[in-house]
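Asks: Please find target.tsv (TSV, C-alpha atoms and all ligand atoms) on the next line:
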```
chain	number	residue	atom	x	y	z
A	1	MET	CA	37.38	49.06	167.48
A	2	LYS	CA	36.07	49.58	170.99
A	3	LYS	CA	34.05	46.95	172.77
A	4	LEU	CA	31.63	47.52	175.63
A	5	THR	CA	30.31	44.59	177.59
A	6	TYR	CA	26.97	44.68	179.37
A	7	LYS	CA	25.92	42.02	181.84
A	8	PHE	CA	22.38	40.72	182.03
A	9	SER	CA	21.02	38.14	184.45
A	10	ASN	CA	22.16	35.04	182.56
A	11	SER	CA	24.69	36.33	180.06
A	12	SER	CA	26.72	39.26	178.86
A	13	VAL	CA	26.53	41.03	175.52
A	14	ASP	CA	29.41	42.59	173.59
A	15	TYR	CA	28.55	45.91	171.95
A	16	TRP	CA	30.73	47.06	169.07
A	17	LEU	CA	29.02	50.38	168.58
A	18	ALA	CA	31.41	51.99	166.16
A	19	GLY	CA	32.50	48.81	164.48
A	20	GLY	CA	31.45	48.28	160.89
A	21	ILE	CA	30.36	45.09	159.17
A	22	SER	CA	33.90	44.54	157.86
A	23	HIS	CA	34.83	43.63	161.46
A	24	LEU	CA	32.25	40.86	161.68
A	25	LYS	CA	34.92	38.31	160.78
A	26	LYS	CA	36.83	39.19	163.94
A	27	ILE	CA	33.77	38.70	166.10
A	28	THR	CA	32.41	35.47	164.69
A	29	ASP	CA	33.95	32.61	162.72
A	30	GLN	CA	32.83	33.08	159.11
A	31	LYS	CA	32.68	29.34	158.37
A	32	ASN	CA	30.40	28.67	161.31
A	33	SER	CA	28.09	31.65	160.88
A	34	ILE	CA	24.93	32.20	158.88
A	35	ILE	CA	23.55	35.65	158.18
A	36	ILE	CA	19.80	36.16	158.14
A	37	THR	CA	18.68	39.29	156.30
A	38	ASP	CA	15.88	40.56	154.06
A	39	GLU	CA	15.71	41.35	150.34
A	40	ASN	CA	15.74	45.13	150.81
A	41	VAL	CA	18.89	45.11	152.90
A	42	PHE	CA	20.56	42.45	150.76
A	43	THR	CA	19.84	44.25	147.49
A	44	ALA	CA	20.97	47.63	148.75
A	45	HIS	CA	24.18	46.27	150.30
A	46	THR	CA	25.00	43.06	148.38
A	47	LYS	CA	28.75	43.54	148.37
A	48	ARG	CA	28.88	43.69	152.15
A	49	PHE	CA	27.60	40.10	152.33
A	50	LYS	CA	30.34	38.69	150.12
A	51	GLY	CA	31.90	35.54	151.56
A	52	TRP	CA	29.09	34.94	154.09
A	53	ASN	CA	26.47	32.19	154.12
A	54	CYS	CA	23.14	34.00	153.84
A	55	ILE	CA	19.46	33.33	154.20
A	56	VAL	CA	17.54	36.15	152.52
A	57	LEU	CA	13.92	36.59	153.55
A	58	LYS	CA	11.03	38.61	152.14
A	59	PRO	CA	10.83	41.97	153.95
A	60	GLY	CA	7.97	43.15	156.12
A	61	GLU	CA	6.12	42.68	159.40
A	62	GLU	CA	3.68	40.31	157.67
A	63	PHE	CA	6.50	37.75	157.48
A	64	LYS	CA	7.32	37.87	161.20
A	65	ILE	CA	5.31	34.66	161.62
A	66	GLN	CA	5.73	30.94	162.26
A	67	PRO	CA	5.83	29.88	158.55
A	68	THR	CA	8.93	32.06	158.11
A	69	VAL	CA	10.48	30.41	161.17
A	70	ASP	CA	9.81	27.00	159.57
A	71	THR	CA	11.41	28.12	156.28
A	72	ILE	CA	14.50	29.37	158.10
A	73	ILE	CA	14.81	26.14	160.07
A	74	GLU	CA	14.51	24.03	156.89
A	75	GLN	CA	17.30	26.08	155.31
A	76	LEU	CA	19.45	25.75	158.42
A	77	ILE	CA	19.08	21.97	158.28
A	78	LYS	CA	20.00	22.00	154.57
A	79	MET	CA	23.03	24.13	155.33
A	80	GLU	CA	23.97	21.66	158.08
A	81	ALA	CA	23.88	24.26	160.81
A	82	ASP	CA	24.75	22.70	164.17
A	83	ARG	CA	25.19	23.68	167.79
A	84	LYS	CA	28.38	25.54	166.94
A	85	THR	CA	26.69	27.72	164.34
A	86	THR	CA	26.09	31.40	165.09
A	87	LEU	CA	23.16	33.18	163.45
A	88	VAL	CA	23.69	36.84	162.62
A	89	GLY	CA	20.59	38.94	162.01
A	90	VAL	CA	21.39	41.82	159.66
A	91	GLY	CA	18.32	43.99	159.23
A	92	GLY	CA	15.55	45.90	160.93
A	93	GLY	CA	13.54	44.77	163.95
A	94	VAL	CA	11.68	42.13	161.98
A	95	ILE	CA	14.96	40.40	161.13
A	96	THR	CA	16.48	40.76	164.60
A	97	ASP	CA	13.29	39.41	166.23
A	98	LEU	CA	13.14	36.44	163.84
A	99	THR	CA	16.85	35.67	164.14
A	100	GLY	CA	16.84	35.76	167.94
A	101	TYR	CA	13.75	33.59	168.06
A	102	VAL	CA	14.97	30.96	165.60
A	103	ALA	CA	18.39	30.85	167.28
A	104	SER	CA	16.69	30.24	170.62
A	105	VAL	CA	14.72	27.21	169.47
A	106	TYR	CA	16.95	25.64	166.80
A	107	MET	CA	18.63	22.62	168.42
A	108	ARG	CA	17.35	23.98	171.77
A	109	GLY	CA	19.29	27.17	171.31
A	110	ILE	CA	22.37	28.29	169.41
A	111	SER	CA	24.21	31.59	169.70
A	112	PHE	CA	23.27	34.69	167.76
A	113	GLY	CA	24.29	38.28	167.16
A	114	PHE	CA	22.81	41.34	165.49
A	115	ILE	CA	23.82	44.00	163.02
A	116	PRO	CA	20.77	46.28	163.16
A	117	THR	CA	20.29	48.27	159.94
A	118	THR	CA	17.37	50.57	160.81
A	119	LEU	CA	17.56	53.35	163.36
A	120	LEU	CA	14.74	51.72	165.27
A	121	ALA	CA	16.56	48.40	165.43
A	122	MET	CA	19.80	50.12	166.50
A	123	VAL	CA	18.26	52.02	169.40
A	124	ASP	CA	15.44	49.67	170.33
A	125	ALA	CA	14.61	46.30	168.74
A	126	SER	CA	18.09	44.76	168.87
A	127	ILE	CA	18.48	45.58	172.55
A	128	GLY	CA	17.06	43.82	175.57
A	129	GLY	CA	16.76	40.24	174.44
A	130	LYS	CA	13.06	40.11	173.59
A	131	ASN	CA	12.68	38.07	170.42
A	132	GLY	CA	9.37	36.98	169.03
A	133	ILE	CA	6.86	36.58	166.25
A	134	ASP	CA	3.28	37.63	165.55
A	135	VAL	CA	0.28	35.30	165.62
A	136	GLY	CA	-2.67	36.57	163.56
A	137	VAL	CA	-3.49	40.06	164.78
A	138	TYR	CA	-1.52	39.55	167.99
A	139	LYS	CA	1.88	41.21	167.76
A	140	ASN	CA	4.83	39.53	169.48
A	141	MET	CA	2.48	36.94	170.96
A	142	VAL	CA	5.09	34.17	170.97
A	143	GLY	CA	8.70	34.61	171.97
A	144	ILE	CA	11.42	34.47	174.54
A	145	ILE	CA	13.80	36.72	176.42
A	146	ARG	CA	17.34	35.67	175.51
A	147	GLN	CA	20.30	37.97	174.94
A	148	PRO	CA	22.42	38.01	171.77
A	149	LYS	CA	26.17	37.36	172.06
A	150	PHE	CA	27.01	40.60	170.29
A	151	ILE	CA	25.60	43.72	168.69
A	152	LEU	CA	27.62	45.40	165.95
A	153	HIS	CA	26.75	48.77	164.44
A	154	ASP	CA	27.57	50.07	160.98
A	155	MET	CA	26.21	53.52	160.13
A	156	ILE	CA	26.76	52.84	156.43
A	157	PHE	CA	23.40	51.06	156.37
A	158	LEU	CA	21.64	54.32	157.21
A	159	ASN	CA	22.64	55.70	153.79
A	160	THR	CA	19.86	53.69	152.21
A	161	LEU	CA	17.28	53.96	154.98
A	162	PRO	CA	13.96	55.44	153.71
A	163	GLN	CA	12.84	58.69	155.38
A	164	ALA	CA	9.78	57.01	156.91
A	165	GLU	CA	12.14	54.70	158.81
A	166	TRP	CA	14.10	57.69	160.17
A	167	GLU	CA	10.81	58.90	161.60
A	168	ASN	CA	10.12	55.53	163.25
A	169	GLY	CA	13.56	55.60	164.83
A	170	PHE	CA	13.29	59.18	166.03
A	171	ALA	CA	9.97	58.48	167.73
A	172	GLU	CA	11.80	55.99	170.01
A	173	ILE	CA	14.76	58.35	170.45
A	174	ILE	CA	12.40	61.14	171.55
A	175	LYS	CA	10.76	58.61	173.88
A	176	HIS	CA	14.13	57.91	175.52
A	177	ALA	CA	14.75	61.66	175.91
A	178	CYS	CA	11.34	62.17	177.53
A	179	ILE	CA	11.65	59.39	180.10
A	180	LYS	CA	15.37	59.49	180.85
A	181	ASP	CA	17.45	62.29	179.43
A	182	ALA	CA	16.69	66.02	179.54
A	183	ALA	CA	20.07	66.91	178.05
A	184	MET	CA	19.42	64.76	175.01
A	185	PHE	CA	15.97	66.34	174.73
A	186	ARG	CA	17.67	69.74	174.44
A	187	GLU	CA	20.17	68.39	171.92
A	188	LEU	CA	17.31	67.10	169.78
A	189	GLU	CA	15.60	70.49	170.02
A	190	ALA	CA	18.75	72.17	168.77
A	191	ASN	CA	19.31	69.75	165.85
A	192	SER	CA	17.28	68.38	162.94
A	193	TYR	CA	17.16	65.46	160.48
A	194	LYS	CA	19.24	67.57	158.11
A	195	LYS	CA	22.02	67.94	160.65
A	196	TYR	CA	21.98	64.31	161.73
A	197	GLN	CA	21.88	63.07	158.14
A	198	ALA	CA	24.69	65.33	157.07
A	199	ARG	CA	27.01	64.40	159.95
A	200	LYS	CA	27.76	60.73	160.48
A	201	THR	CA	29.56	61.33	163.76
A	202	LEU	CA	26.56	63.17	165.17
A	203	VAL	CA	24.13	60.38	164.33
A	204	CYS	CA	26.64	57.75	165.45
A	205	GLU	CA	26.89	59.39	168.89
A	206	LEU	CA	23.11	59.74	169.14
A	207	VAL	CA	22.58	56.08	168.26
A	208	LYS	CA	25.23	54.89	170.73
A	209	HIS	CA	23.78	57.02	173.48
A	210	ASN	CA	20.27	55.67	172.87
A	211	ALA	CA	21.40	52.06	172.66
A	212	ILE	CA	23.00	52.51	176.06
A	213	ILE	CA	19.94	54.23	177.57
A	214	LYS	CA	17.77	51.26	176.64
A	215	THR	CA	20.43	48.78	177.76
A	216	LYS	CA	20.64	50.32	181.23
A	217	VAL	CA	16.87	50.33	181.67
A	218	VAL	CA	16.72	46.66	180.67
A	219	GLN	CA	19.69	45.73	182.87
A	220	GLN	CA	17.80	47.00	185.89
A	221	ASP	CA	14.70	45.02	185.05
A	222	GLU	CA	15.26	42.39	182.37
A	223	PHE	CA	11.94	40.61	182.96
A	224	GLU	CA	9.75	43.73	183.03
A	225	LYS	CA	8.51	44.00	186.57
A	226	GLY	CA	9.09	47.74	186.98
A	227	GLU	CA	11.71	49.99	185.40
A	228	ARG	CA	11.47	48.41	181.93
A	229	ARG	CA	7.83	49.48	181.77
A	230	LEU	CA	9.05	53.06	181.30
A	231	LEU	CA	9.91	52.07	177.74
A	232	ASN	CA	6.18	51.81	177.10
A	233	PHE	CA	5.84	55.61	177.24
A	234	GLY	CA	3.43	56.57	174.43
A	235	HIS	CA	2.92	52.91	173.55
A	236	THR	CA	-0.29	52.07	175.44
A	237	LEU	CA	-2.40	54.49	173.44
A	238	GLY	CA	0.00	54.11	170.50
A	239	HIS	CA	-0.63	50.38	170.12
A	240	ALA	CA	-4.39	50.91	170.26
A	241	LEU	CA	-4.14	53.55	167.51
A	242	GLU	CA	-1.85	51.38	165.40
A	243	ASN	CA	-4.34	48.57	165.68
A	244	GLN	CA	-7.24	50.75	164.43
A	245	TYR	CA	-5.68	53.05	161.85
A	246	GLU	CA	-3.24	52.69	158.98
A	247	ILE	CA	-0.34	54.56	160.53
A	248	SER	CA	3.25	53.65	161.21
A	249	HIS	CA	4.51	52.57	164.63
A	250	GLY	CA	6.45	55.83	165.01
A	251	GLN	CA	3.42	57.94	164.17
A	252	ALA	CA	1.22	55.98	166.58
A	253	VAL	CA	3.78	56.29	169.39
A	254	ALA	CA	4.20	60.02	168.68
A	255	ILE	CA	0.47	60.60	169.09
A	256	GLY	CA	0.54	58.35	172.16
A	257	MET	CA	3.37	60.41	173.71
A	258	THR	CA	1.52	63.66	173.00
A	259	TYR	CA	-1.59	62.44	174.81
A	260	ALA	CA	0.43	60.83	177.60
A	261	SER	CA	2.10	64.23	178.16
A	262	VAL	CA	-1.25	65.98	178.45
A	263	ILE	CA	-2.53	63.22	180.75
A	264	SER	CA	0.65	63.72	182.83
A	265	GLN	CA	-0.24	67.39	183.14
A	266	LYS	CA	-3.72	66.54	184.40
A	267	ILE	CA	-2.70	63.80	186.82
A	268	ILE	CA	0.73	64.75	188.18
A	269	GLY	CA	1.16	68.36	187.10
A	270	PHE	CA	3.69	67.87	184.27
A	271	LYS	CA	4.41	71.37	183.02
A	272	GLU	CA	5.68	71.00	179.45
A	273	PRO	CA	3.40	68.95	177.19
A	274	GLY	CA	3.81	71.69	174.58
A	275	ARG	CA	7.55	71.12	174.44
A	276	VAL	CA	7.07	67.39	173.81
A	277	ALA	CA	4.64	68.12	170.97
A	278	GLY	CA	7.01	70.75	169.58
A	279	LEU	CA	9.89	68.28	169.41
A	280	LEU	CA	7.74	65.64	167.71
A	281	LEU	CA	6.63	68.17	165.08
A	282	LYS	CA	10.24	69.17	164.52
A	283	TYR	CA	10.94	65.55	163.49
A	284	ASP	CA	7.85	65.39	161.22
A	285	LEU	CA	5.91	63.24	163.65
A	286	PRO	CA	2.18	63.73	164.33
A	287	THR	CA	0.92	65.02	167.68
A	288	PHE	CA	-2.78	65.55	168.30
A	289	ALA	CA	-4.99	63.47	166.05
A	290	ASP	CA	-8.64	63.06	165.40
A	291	PHE	CA	-9.54	59.54	166.37
A	292	ASP	CA	-12.58	57.65	167.51
A	293	LYS	CA	-11.92	57.85	171.24
A	294	LYS	CA	-14.47	55.22	172.19
A	295	LYS	CA	-13.21	52.68	169.69
A	296	VAL	CA	-9.56	53.25	170.51
A	297	PHE	CA	-10.23	53.14	174.25
A	298	ASN	CA	-12.04	49.82	173.83
A	299	VAL	CA	-8.99	48.33	172.13
A	300	LEU	CA	-6.73	49.77	174.81
A	301	LYS	CA	-8.89	48.22	177.51
A	302	MET	CA	-9.02	44.81	175.81
A	303	ASP	CA	-5.31	44.85	175.35
A	304	LYS	CA	-4.79	45.21	179.05
A	305	LYS	CA	-7.73	43.21	180.32
A	306	ARG	CA	-5.52	41.09	182.55
A	307	GLU	CA	-4.87	44.10	184.71
A	308	ARG	CA	-8.54	44.38	185.61
A	309	LYS	CA	-9.66	47.81	186.79
A	310	ASP	CA	-6.34	49.63	186.68
A	311	ILE	CA	-3.75	50.16	184.02
A	312	ASN	CA	-0.03	50.79	184.33
A	313	PHE	CA	0.46	54.00	182.42
A	314	VAL	CA	3.75	55.83	181.88
A	315	LEU	CA	3.60	59.52	182.75
A	316	LEU	CA	6.17	62.31	182.76
A	317	GLU	CA	7.01	64.08	185.98
A	318	LYS	CA	9.26	66.39	184.01
A	319	ILE	CA	11.22	66.17	180.79
A	320	GLY	CA	13.79	63.42	181.33
A	321	LYS	CA	11.85	61.72	184.12
A	322	GLY	CA	9.19	59.14	183.36
A	323	VAL	CA	7.20	57.36	186.06
A	324	VAL	CA	4.87	54.37	185.99
A	325	LYS	CA	1.50	55.00	187.62
A	326	SER	CA	-1.37	52.66	188.14
A	327	ILE	CA	-4.45	54.57	186.93
A	328	PRO	CA	-8.07	53.43	187.21
A	329	LEU	CA	-9.33	52.73	183.68
A	330	THR	CA	-12.44	54.84	184.30
A	331	GLN	CA	-10.31	57.88	185.15
A	332	LEU	CA	-8.20	57.39	182.03
A	333	GLU	CA	-11.32	57.00	179.90
A	334	ASN	CA	-12.77	60.24	181.26
A	335	ILE	CA	-9.58	62.17	180.59
A	336	ILE	CA	-9.23	60.82	177.05
A	337	GLN	CA	-12.89	61.65	176.30
A	338	GLU	CA	-12.36	65.25	177.41
A	339	LEU	CA	-9.21	65.87	175.35
B	401	LIG	N1	12.50	42.93	170.39
B	401	LIG	C1	12.23	44.15	170.80
B	401	LIG	O1	12.51	44.52	171.94
B	401	LIG	C2	11.60	45.10	169.85
B	401	LIG	C3	11.52	46.46	170.16
B	401	LIG	C4	10.97	47.32	169.21
B	401	LIG	C5	10.50	46.82	168.01
B	401	LIG	N2	10.56	45.49	167.74
B	401	LIG	C6	10.08	44.93	166.48
B	401	LIG	O2	10.80	45.52	165.41
B	401	LIG	C7	9.99	45.52	164.25
B	401	LIG	C8	10.11	46.87	163.59
B	401	LIG	O3	11.46	47.09	163.23
B	401	LIG	P1	11.86	48.05	162.03
B	401	LIG	O4	11.16	49.34	162.18
B	401	LIG	O5	13.34	48.04	161.94
B	401	LIG	O6	11.16	47.34	160.79
B	401	LIG	P2	11.65	46.39	159.61
B	401	LIG	O7	12.57	45.35	160.07
B	401	LIG	O8	10.40	45.96	158.93
B	401	LIG	O9	12.43	47.40	158.66
B	401	LIG	C9	11.75	48.46	158.05
B	401	LIG	C10	11.95	48.46	156.53
B	401	LIG	O10	13.24	48.94	156.23
B	401	LIG	C11	13.93	48.02	155.40
B	401	LIG	N3	15.34	48.20	155.73
B	401	LIG	C12	15.97	47.79	156.85
B	401	LIG	N4	17.22	48.28	156.87
B	401	LIG	C13	17.38	49.00	155.74
B	401	LIG	C14	18.46	49.74	155.21
B	401	LIG	N5	19.59	49.89	155.87
B	401	LIG	N6	18.29	50.34	154.01
B	401	LIG	C15	17.11	50.23	153.36
B	401	LIG	N7	16.04	49.57	153.82
B	401	LIG	C16	16.19	48.95	155.00
B	401	LIG	C17	13.32	46.70	155.70
B	401	LIG	O11	13.48	45.77	154.65
B	401	LIG	C18	11.85	47.07	155.91
B	401	LIG	O12	11.21	47.21	154.67
B	401	LIG	C19	8.59	45.16	164.69
B	401	LIG	O13	8.30	43.85	164.32
B	401	LIG	C20	8.64	45.28	166.20
B	401	LIG	O14	7.75	44.40	166.85
B	401	LIG	C21	11.11	44.63	168.64
B	402	ZN	ZN	8.07	51.29	169.92
```
Kindly transcribe the structure held in the file into structure tokens.

Replies:
Amino acid sequence: MKKLTYKFSNSSVDYWLAGGISHLKKITDQKNSIIITDENVFTAHTKRFKGWNCIVLKPGEEFKIQPTVDTIIEQLIKMEADRKTTLVGVGGGVITDLTGYVASVYMRGISFGFIPTTLLAMVDASIGGKNGIDVGVYKNMVGIIRQPKFILHDMIFLNTLPQAEWENGFAEIIKHACIKDAAMFRELEANSYKKYQARKTLVCELVKHNAIIKTKVVQQDEFEKGERRLLNFGHTLGHALENQYEISHGQAVAIGMTYASVISQKIIGFKEPGRVAGLLLKYDLPTFADFDKKKVFNVLKMDKKRERKDINFVLLEKIGKGVVKSIPLTQLENIIQEL
């Protein structure tokens, strides 16, 4: 099993990207570890948890809140977890966020690792050290940046992943291709869900590649002063849409990327918005959508009110090259109104 080690400002993280959960024992001491997972993952993969201490939570974003943190902490105390205990989050982004957050505050911080089980968590949520919870309508309002000790992948979990979750993951993968990797963009154009789902090695390579893309962006800018902002491509408008309409994160980001591509054409002469939309459609993601532009723009503006008159918006110079531009809100509003 091959290990890659990535250094961040205060720590380094071991990545076992073609590992398998059966290797967890070699990475962390079973007696001193506690797995945190959710009911969906636990039910679908019960036998893989045999021999491990587990805390099994209710699934869903609505549980990524302080009361769940309290419940976990009470269970940790009952289980006599101490400073030598390692928490292992096995699940999607909700579980990795909760695990990283609890591990960072329990006894002023204990070590933790992740086995992400959704595509989105493999290529995005488990990477970069942001761990947090929601407060009311405010997503990820409370949290910290602290890196896990390790990340271990096991593609076997993808066998039970619902199709809607493949779409959420591919939205972020397409995002990475747009901002950083023209060759991967072409690979995605040439493939399909069918091909990736039929060939484990193909999806394994894609996941590894994307985990590393995000890692390198974060390494350059762990505390989000510049480069890391590129990862917000499609997310500014996406978050505003997600907040107003009942759509998934992947769908919202897909629509956000479509509009950001057209805005890129208008502001910096990006030539291929049609190719971005084409790729999203290929992976069953929405592109142009009918939405109440005024309402959505108002949310977008509120969301970023701290930045006063301008907004940092991620544009594409070309496929594979994202750039962050400060755009006056009035200009952005005019463009969105016209589209
Ligand atoms: N920390 C970060 O940098 C970061 C980045 C992106 C997203 N996030 C967070 O991640 C969360 C979204 O993550 P997500 O999309 O993985 O959602 P999720 O954790 O809610 O998982 C999606 C659904 O799939 C189920 N599931 C997970 N793995 C499964 C498997 N292998 N088989 C069957 N079902 C499975 C879950 O129980 C859940 O119902 C959000 O809370 C978001 O804020 C964090
Ligand atoms: Zn996202």

Asks: Within 9 Å of A:Leu279, counting all atoms listed in the file, which residues show up once you throw out same-chain ones fewer than 3 positions away? Write them as a PDB file with C-alpha atoms, in the frame of the given file, please.

Replies:
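So the final result, stored in part35.pdb, reads:
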```
ATOM      1  CA  ILE A 174      12.400  61.140 171.550  1.00  0.00           C
ATOM      2  CA  PHE A 185      15.970  66.340 174.730  1.00  0.00           C
ATOM      3  CA  LEU A 188      17.310  67.100 169.780  1.00  0.00           C
ATOM      4  CA  GLU A 189      15.600  70.490 170.020  1.00  0.00           C
ATOM      5  CA  GLY A 274       3.810  71.690 174.580  1.00  0.00           C
ATOM      6  CA  ARG A 275       7.550  71.120 174.440  1.00  0.00           C
ATOM      7  CA  VAL A 276       7.070  67.390 173.810  1.00  0.00           C
ATOM      8  CA  LYS A 282      10.240  69.170 164.520  1.00  0.00           C
ATOM      9  CA  TYR A 283      10.940  65.550 163.490  1.00  0.00           C
ATOM     10  CA  ASP A 284       7.850  65.390 161.220  1.00  0.00           C
ATOM     11  CA  LEU A 285       5.910  63.240 163.650  1.00  0.00           C
TER      12      LEU A 285
END
```

Asks: Just checking: using all atoms listed in the file, which residue out of A:Ile133, A:Cys178, A:Ile36, A:Ile65 ends up closest to A:Phe112?

Replies: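 That would be A:Ile36, the residue with the smallest distance to A:Phe112.
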
Asks: Which residues of chain A come within 7 Å of ligand ZN 402 (chain B), and what is each one's closest atom pair and distance in Å (one decimal), counting all atoms listed in the file, sorted by chain and residue number, as a Markdown table?

Replies:
```
| residue | atom | partner | partner_atom | distance |
| --- | --- | --- | --- | --- |
| A:Glu172 | CA | B:ZN402 | ZN | 6.0 |
| A:His235 | CA | B:ZN402 | ZN | 6.5 |
| A:His249 | CA | B:ZN402 | ZN | 6.5 |
| A:Gly250 | CA | B:ZN402 | ZN | 6.9 |
| A:Val253 | CA | B:ZN402 | ZN | 6.6 |
```

Asks: Taking all atoms listed in the file into account, report as a list in words which residues have an atom no farther than 6 Å from an atom of ligand LIG 401 (chain B).

Replies: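 The neighbouring residues of ligand LIG 401 (chain B) are, in order, Asp38, Asn40, Val41, Pro59, Gly60, Glu61, Gly91, Gly92, Gly93, Val94, Ile95, Asp97, Thr117, Thr118, Leu120, Ala121, Asp124, Ala125, Gly128, Lys130, Asn131, Phe157, Leu158, Thr160 and Leu161 of chain A.
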
Asks: At a cut-off of 6 Å, using all atoms listed in the file, what residues contact A:Leu315? Leave out same-chain residues fewer than 3 positions from it and give the result as a PyMOL selection string.

Replies: chain A and resi 264+322-323

Asks: Would you please work out which residue, of A:Leu316, A:Val88, A:Leu237, A:Ile21, is nearest to A:Ile156 when using only C-alpha atoms?

Replies: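 Residue with the minimum atom-to-atom distance to A:Ile156: A:Ile21.
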
Asks: Would you kindly identify which residues have an atom no farther than 12 Å from (12.3, 30.0, 174.3), using only C-alpha atoms and the file's own coordinates, and write them out as a list in words?

Replies: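 Residues close enough to count: Gly100, Tyr101, Val102, Ala103, Ser104, Val105, Tyr106, Met107, Arg108, Gly109, Ile110, Gly129, Lys130, Asn131, Gly132, Ile133, Val142, Gly143, Ile144, Ile145, Arg146 and Gln147 of chain A.
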
Asks: Would you mind exporting the chosen residues as a CSV table (one decimal), in the frame of the given file, restricted to C-alpha atoms?

Replies:
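Output (result-v1.csv):
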```csv
chain,number,residue,atom,x,y,z
A,100,GLY,CA,16.8,35.8,167.9
A,101,TYR,CA,13.8,33.6,168.1
A,102,VAL,CA,15.0,31.0,165.6
A,103,ALA,CA,18.4,30.8,167.3
A,104,SER,CA,16.7,30.2,170.6
A,105,VAL,CA,14.7,27.2,169.5
A,106,TYR,CA,17.0,25.6,166.8
A,107,MET,CA,18.6,22.6,168.4
A,108,ARG,CA,17.4,24.0,171.8
A,109,GLY,CA,19.3,27.2,171.3
A,110,ILE,CA,22.4,28.3,169.4
A,129,GLY,CA,16.8,40.2,174.4
A,130,LYS,CA,13.1,40.1,173.6
A,131,ASN,CA,12.7,38.1,170.4
A,132,GLY,CA,9.4,37.0,169.0
A,133,ILE,CA,6.9,36.6,166.2
A,142,VAL,CA,5.1,34.2,171.0
A,143,GLY,CA,8.7,34.6,172.0
A,144,ILE,CA,11.4,34.5,174.5
A,145,ILE,CA,13.8,36.7,176.4
A,146,ARG,CA,17.3,35.7,175.5
A,147,GLN,CA,20.3,38.0,174.9
```

Asks: Could you tell me how far atom CA of A:Leu152 sits from atom CA of A:Ile115, in Å to one decimal place?

Replies: 5.0 Å

Asks: Between atom CA of A:Asp303 and atom CA of A:Ile173, what is the distance in Å, rounded to a tenth?

Replies: 24.7 Å

Asks: Could you tell me how far atom CA of A:Gly89 lies from atom CA of A:Gln251, in Å and to one decimal?

Replies: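 If I compute the distance from atom CA of A:Gly89 to atom CA of A:Gln251, I get 25.7 Å.
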
Asks: Out of A:Pro148, A:Gly51, A:Gly113, A:Pro67, which residue has the shortest atom-to-atom distance to A:Asn10 when counting all atoms listed in the file?

Replies: A:Pro148

Asks: Please produce stretch 242-253 of chain A, completed to N, CA and C atoms, as a PDB file, keeping the file's coordinate frame.

Replies:
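Wrote it out as part-v1.pdb, contents follow:
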```
ATOM      1  N   GLU A 242      -2.476  52.132 166.492  1.00  0.00           N
ATOM      2  CA  GLU A 242      -1.850  51.380 165.400  1.00  0.00           C
ATOM      3  C   GLU A 242      -2.744  50.235 164.942  1.00  0.00           C
ATOM      4  N   ASN A 243      -3.449  49.686 165.929  1.00  0.00           N
ATOM      5  CA  ASN A 243      -4.340  48.570 165.680  1.00  0.00           C
ATOM      6  C   ASN A 243      -5.598  48.991 164.888  1.00  0.00           C
ATOM      7  N   GLN A 244      -5.992  50.258 165.036  1.00  0.00           N
ATOM      8  CA  GLN A 244      -7.240  50.750 164.430  1.00  0.00           C
ATOM      9  C   GLN A 244      -7.045  51.548 163.145  1.00  0.00           C
ATOM     10  N   TYR A 245      -5.895  52.154 162.993  1.00  0.00           N
ATOM     11  CA  TYR A 245      -5.680  53.050 161.850  1.00  0.00           C
ATOM     12  C   TYR A 245      -4.422  52.655 161.090  1.00  0.00           C
ATOM     13  N   GLU A 246      -4.395  53.027 159.817  1.00  0.00           N
ATOM     14  CA  GLU A 246      -3.240  52.690 158.980  1.00  0.00           C
ATOM     15  C   GLU A 246      -2.125  53.712 159.179  1.00  0.00           C
ATOM     16  N   ILE A 247      -1.466  53.648 160.304  1.00  0.00           N
ATOM     17  CA  ILE A 247      -0.340  54.560 160.530  1.00  0.00           C
ATOM     18  C   ILE A 247       0.870  53.753 160.960  1.00  0.00           C
ATOM     19  N   SER A 248       2.035  54.368 160.847  1.00  0.00           N
ATOM     20  CA  SER A 248       3.250  53.650 161.210  1.00  0.00           C
ATOM     21  C   SER A 248       3.383  53.566 162.734  1.00  0.00           C
ATOM     22  N   HIS A 249       4.274  52.708 163.187  1.00  0.00           N
ATOM     23  CA  HIS A 249       4.510  52.570 164.630  1.00  0.00           C
ATOM     24  C   HIS A 249       4.991  53.898 165.215  1.00  0.00           C
ATOM     25  N   GLY A 250       5.915  54.551 164.526  1.00  0.00           N
ATOM     26  CA  GLY A 250       6.450  55.830 165.010  1.00  0.00           C
ATOM     27  C   GLY A 250       5.363  56.889 165.127  1.00  0.00           C
ATOM     28  N   GLN A 251       4.506  56.954 164.124  1.00  0.00           N
ATOM     29  CA  GLN A 251       3.420  57.940 164.170  1.00  0.00           C
ATOM     30  C   GLN A 251       2.471  57.635 165.324  1.00  0.00           C
ATOM     31  N   ALA A 252       2.144  56.361 165.502  1.00  0.00           N
ATOM     32  CA  ALA A 252       1.220  55.980 166.580  1.00  0.00           C
ATOM     33  C   ALA A 252       1.827  56.319 167.949  1.00  0.00           C
ATOM     34  N   VAL A 253       3.119  56.024 168.104  1.00  0.00           N
ATOM     35  CA  VAL A 253       3.780  56.290 169.390  1.00  0.00           C
ATOM     36  C   VAL A 253       3.888  57.797 169.623  1.00  0.00           C
TER      37      VAL A 253
END
```
